[in-house]
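J.: This is the structure I have questions about; it appears just below.
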Amino acid sequence: QVQLVESGGGSVQSGGSLRLSCAASEYGYIMRCMGWFRQSPGKAREGVATIDVDGRTNLADSVKGRFTISQDNAKKTLYLQMNSLEPEDTAMYYCAAVLCGTWTPRYLGQGTQVTVSS
């Protein structure tokens, strides 16, 4: 069974940075395409960023220029570098294996909380 474990969340002030990590139990076919999602209370879950096996990335308009997604296949780890954080970025962040070319998660981790104060 695929397991995804996120870490790196926390509380920061507006303008600060955080780096999220996601350790995967495997990094085979299912993990060809990975992504980060987030959900705030009362809001629908939204896609933040995706990356495919060739390193091509896709970012939501709201985070372009501030967030970067990357991966280390040897370590079976996915990252999300978040800079210039804003209070609107406050959410639970989830790592996911996604259907390639889509924002559809196949497997989700348990999430890590990010809180940005003004």
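Note on naming: chains are A, B, ... as they come in the structure tokens, residues start from 1 per chain, ligands start from 1 in the order shown.
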Would you please give, as JSON, numbers by chain, all residues of range 1-116 of chain A that DSSP assigns to strand (DSSP E or B) based on the backbone?

T.: {"A": [4, 5, 6, 7, 10, 11, 12, 13, 18, 19, 20, 21, 22, 23, 24, 34, 35, 36, 37, 38, 39, 46, 47, 48, 49, 50, 51, 57, 58, 59, 67, 68, 69, 70, 71, 72, 77, 78, 79, 80, 81, 82, 91, 92, 93, 94, 95, 96, 97, 98, 105, 106, 107, 108, 112, 113, 114, 115, 116]}

J.: If we count only C-alpha atoms, what is near Phe37 in chain A at a cut-off of 9 Å, once residues fewer than 2 positions away on the same chain are taken out, given as a ChimeraX atom specification?

T.: /A:35,39,45-50,92-96,103,105,108

J.: Rounded to one decimal in Å, what is the spacing between CA of Val114 in chain A and CA of Gln13 in chain A?

T.: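 Result for CA of Val114 in chain A versus CA of Gln13 in chain A: 10.7 Å, one decimal.
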
J.: Using Å and a single decimal, report how far CA of Gly65 in chain A sits from CA of Tyr107 in chain A.

T.: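 Rounded to one decimal, the two atoms are 26.6 Å apart.
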
J.: Which residues are close to Gly10 in chain A, i.e. within 8 Å by only C-alpha atoms, leaving aside same-chain residues fewer than 3 positions away? Reply as a PyMOL selection string.

T.: chain A and resi 18+112-115

J.: Could those selected residues go to a file with all heavy atoms, as a PDB file, in the first residue's frame?

T.:
```
ATOM      1  N   LEU A  18       8.691  28.366   4.164  1.00  0.00           N
ATOM      2  CA  LEU A  18       8.668  27.017   4.704  1.00  0.00           C
ATOM      3  C   LEU A  18       8.994  26.052   3.579  1.00  0.00           C
ATOM      4  O   LEU A  18       8.712  26.331   2.414  1.00  0.00           O
ATOM      5  CB  LEU A  18       7.294  26.655   5.282  1.00  0.00           C
ATOM      6  CG  LEU A  18       6.904  27.227   6.642  1.00  0.00           C
ATOM      7  CD1 LEU A  18       5.457  26.887   6.947  1.00  0.00           C
ATOM      8  CD2 LEU A  18       7.816  26.704   7.737  1.00  0.00           C
ATOM      9  N   THR A 112      -0.006  18.209   6.440  1.00  0.00           N
ATOM     10  CA  THR A 112       0.774  18.986   7.406  1.00  0.00           C
ATOM     11  C   THR A 112       0.225  20.412   7.390  1.00  0.00           C
ATOM     12  O   THR A 112      -0.039  20.971   6.327  1.00  0.00           O
ATOM     13  CB  THR A 112       2.279  18.940   7.073  1.00  0.00           C
ATOM     14  OG1 THR A 112       3.025  19.587   8.094  1.00  0.00           O
ATOM     15  CG2 THR A 112       2.603  19.575   5.731  1.00  0.00           C
ATOM     16  N   GLN A 113       0.057  20.976   8.578  1.00  0.00           N
ATOM     17  CA  GLN A 113      -0.596  22.284   8.699  1.00  0.00           C
ATOM     18  C   GLN A 113       0.397  23.418   8.472  1.00  0.00           C
ATOM     19  O   GLN A 113       1.500  23.416   9.039  1.00  0.00           O
ATOM     20  CB  GLN A 113      -1.235  22.425  10.081  1.00  0.00           C
ATOM     21  CG  GLN A 113      -1.903  23.759  10.338  1.00  0.00           C
ATOM     22  CD  GLN A 113      -3.128  23.973   9.471  1.00  0.00           C
ATOM     23  OE1 GLN A 113      -3.913  23.044   9.233  1.00  0.00           O
ATOM     24  NE2 GLN A 113      -3.321  25.210   9.003  1.00  0.00           N
ATOM     25  N   VAL A 114      -0.020  24.377   7.681  1.00  0.00           N
ATOM     26  CA  VAL A 114       0.744  25.606   7.470  1.00  0.00           C
ATOM     27  C   VAL A 114      -0.129  26.774   7.900  1.00  0.00           C
ATOM     28  O   VAL A 114      -1.253  26.907   7.427  1.00  0.00           O
ATOM     29  CB  VAL A 114       1.159  25.767   5.998  1.00  0.00           C
ATOM     30  CG1 VAL A 114       1.770  27.146   5.759  1.00  0.00           C
ATOM     31  CG2 VAL A 114       2.141  24.672   5.602  1.00  0.00           C
ATOM     32  N   THR A 115       0.394  27.597   8.806  1.00  0.00           N
ATOM     33  CA  THR A 115      -0.341  28.755   9.291  1.00  0.00           C
ATOM     34  C   THR A 115       0.513  29.998   9.104  1.00  0.00           C
ATOM     35  O   THR A 115       1.651  30.050   9.570  1.00  0.00           O
ATOM     36  CB  THR A 115      -0.705  28.594  10.774  1.00  0.00           C
ATOM     37  OG1 THR A 115      -1.477  27.404  10.948  1.00  0.00           O
ATOM     38  CG2 THR A 115      -1.514  29.786  11.258  1.00  0.00           C
TER      39      THR A 115
END
```

J.: Please, which residues of chain A, numbered as in this document, come out helix (DSSP H, G or I) from DSSP, as a list in words?

T.: Tyr29, Ile30, Met31, Pro87, Glu88 and Asp89 of chain A

J.: Have a look at CA of Gly28 in chain A and CA of Gly55 in chain A and let me know their distance in Å, one decimal.

T.: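 Going from CA of Gly28 in chain A over to CA of Gly55 in chain A covers 14.9 Å.
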
J.: Write out as a list in words the residues lying within 9 Å of Ser117 in chain A, counting only C-alpha atoms and excluding same-chain residues fewer than 3 positions away.

T.: Ser11, Val12, Gln13, Ser14, Glu86, Pro87 and Thr90 of chain A

J.: Could the residues in this selection be saved with all heavy atoms as a PDB file, in the first residue's frame?

T.:
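Listed below is the output, selection.pdb:
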```pdb
ATOM      1  N   SER A  11       4.126  27.364  11.758  1.00  0.00           N
ATOM      2  CA  SER A  11       3.570  28.716  11.792  1.00  0.00           C
ATOM      3  C   SER A  11       4.659  29.717  11.444  1.00  0.00           C
ATOM      4  O   SER A  11       5.747  29.677  12.019  1.00  0.00           O
ATOM      5  CB  SER A  11       3.010  29.010  13.185  1.00  0.00           C
ATOM      6  OG  SER A  11       1.943  28.142  13.494  1.00  0.00           O
ATOM      7  N   VAL A  12       4.347  30.618  10.533  1.00  0.00           N
ATOM      8  CA  VAL A  12       5.287  31.661  10.121  1.00  0.00           C
ATOM      9  C   VAL A  12       4.539  32.967   9.959  1.00  0.00           C
ATOM     10  O   VAL A  12       3.307  32.985   9.830  1.00  0.00           O
ATOM     11  CB  VAL A  12       6.009  31.323   8.809  1.00  0.00           C
ATOM     12  CG1 VAL A  12       6.873  30.093   8.965  1.00  0.00           C
ATOM     13  CG2 VAL A  12       5.016  31.152   7.684  1.00  0.00           C
ATOM     14  N   GLN A  13       5.281  34.042   9.941  1.00  0.00           N
ATOM     15  CA  GLN A  13       4.682  35.341   9.674  1.00  0.00           C
ATOM     16  C   GLN A  13       4.634  35.588   8.174  1.00  0.00           C
ATOM     17  O   GLN A  13       5.378  34.989   7.391  1.00  0.00           O
ATOM     18  CB  GLN A  13       5.481  36.434  10.370  1.00  0.00           C
ATOM     19  CG  GLN A  13       5.346  36.404  11.897  1.00  0.00           C
ATOM     20  CD  GLN A  13       5.923  37.635  12.544  1.00  0.00           C
ATOM     21  OE1 GLN A  13       6.917  38.187  12.077  1.00  0.00           O
ATOM     22  NE2 GLN A  13       5.313  38.075  13.635  1.00  0.00           N
ATOM     23  N   SER A  14       3.755  36.497   7.796  1.00  0.00           N
ATOM     24  CA  SER A  14       3.625  36.868   6.395  1.00  0.00           C
ATOM     25  C   SER A  14       4.987  37.279   5.835  1.00  0.00           C
ATOM     26  O   SER A  14       5.736  38.015   6.485  1.00  0.00           O
ATOM     27  CB  SER A  14       2.636  38.023   6.276  1.00  0.00           C
ATOM     28  OG  SER A  14       2.452  38.383   4.927  1.00  0.00           O
ATOM     29  N   GLU A  86       1.731  34.145   2.465  1.00  0.00           N
ATOM     30  CA  GLU A  86       0.671  35.100   2.775  1.00  0.00           C
ATOM     31  C   GLU A  86      -0.362  34.417   3.666  1.00  0.00           C
ATOM     32  O   GLU A  86      -0.480  33.192   3.655  1.00  0.00           O
ATOM     33  CB  GLU A  86       0.017  35.564   1.472  1.00  0.00           C
ATOM     34  CG  GLU A  86       0.977  36.163   0.468  1.00  0.00           C
ATOM     35  CD  GLU A  86       0.359  36.316  -0.909  1.00  0.00           C
ATOM     36  OE1 GLU A  86      -0.758  35.783  -1.135  1.00  0.00           O
ATOM     37  OE2 GLU A  86       0.991  36.963  -1.776  1.00  0.00           O
ATOM     38  N   PRO A  87      -1.110  35.193   4.431  1.00  0.00           N
ATOM     39  CA  PRO A  87      -2.154  34.576   5.279  1.00  0.00           C
ATOM     40  C   PRO A  87      -3.110  33.684   4.478  1.00  0.00           C
ATOM     41  O   PRO A  87      -3.606  32.683   5.008  1.00  0.00           O
ATOM     42  CB  PRO A  87      -2.877  35.783   5.862  1.00  0.00           C
ATOM     43  CG  PRO A  87      -1.827  36.846   5.936  1.00  0.00           C
ATOM     44  CD  PRO A  87      -0.990  36.636   4.692  1.00  0.00           C
ATOM     45  N   THR A  90      -2.603  29.884   4.374  1.00  0.00           N
ATOM     46  CA  THR A  90      -2.900  29.053   5.536  1.00  0.00           C
ATOM     47  C   THR A  90      -3.834  27.922   5.143  1.00  0.00           C
ATOM     48  O   THR A  90      -4.915  28.163   4.593  1.00  0.00           O
ATOM     49  CB  THR A  90      -3.535  29.895   6.651  1.00  0.00           C
ATOM     50  OG1 THR A  90      -2.578  30.857   7.112  1.00  0.00           O
ATOM     51  CG2 THR A  90      -3.984  29.019   7.808  1.00  0.00           C
TER      52      THR A  90
END
```

J.: For range 4-8 of chain A, list every protein, DNA or RNA residue within 6 Å, evaluated using only C-alpha atoms, and leave out those in the same chain fewer than 3 positions away; present the list as a list in words.

T.: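 Here the answer would be Arg19, Leu20, Ser21, Cys22, Ala23, Ala24, Gly109, Gly111 and Thr112 of chain A.
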
J.: Name all residues at most 8 Å from Gly15 in chain A (count only C-alpha atoms; drop same-chain ones fewer than 4 positions away) and give them as a ChimeraX atom specification.

T.: /A:83-86
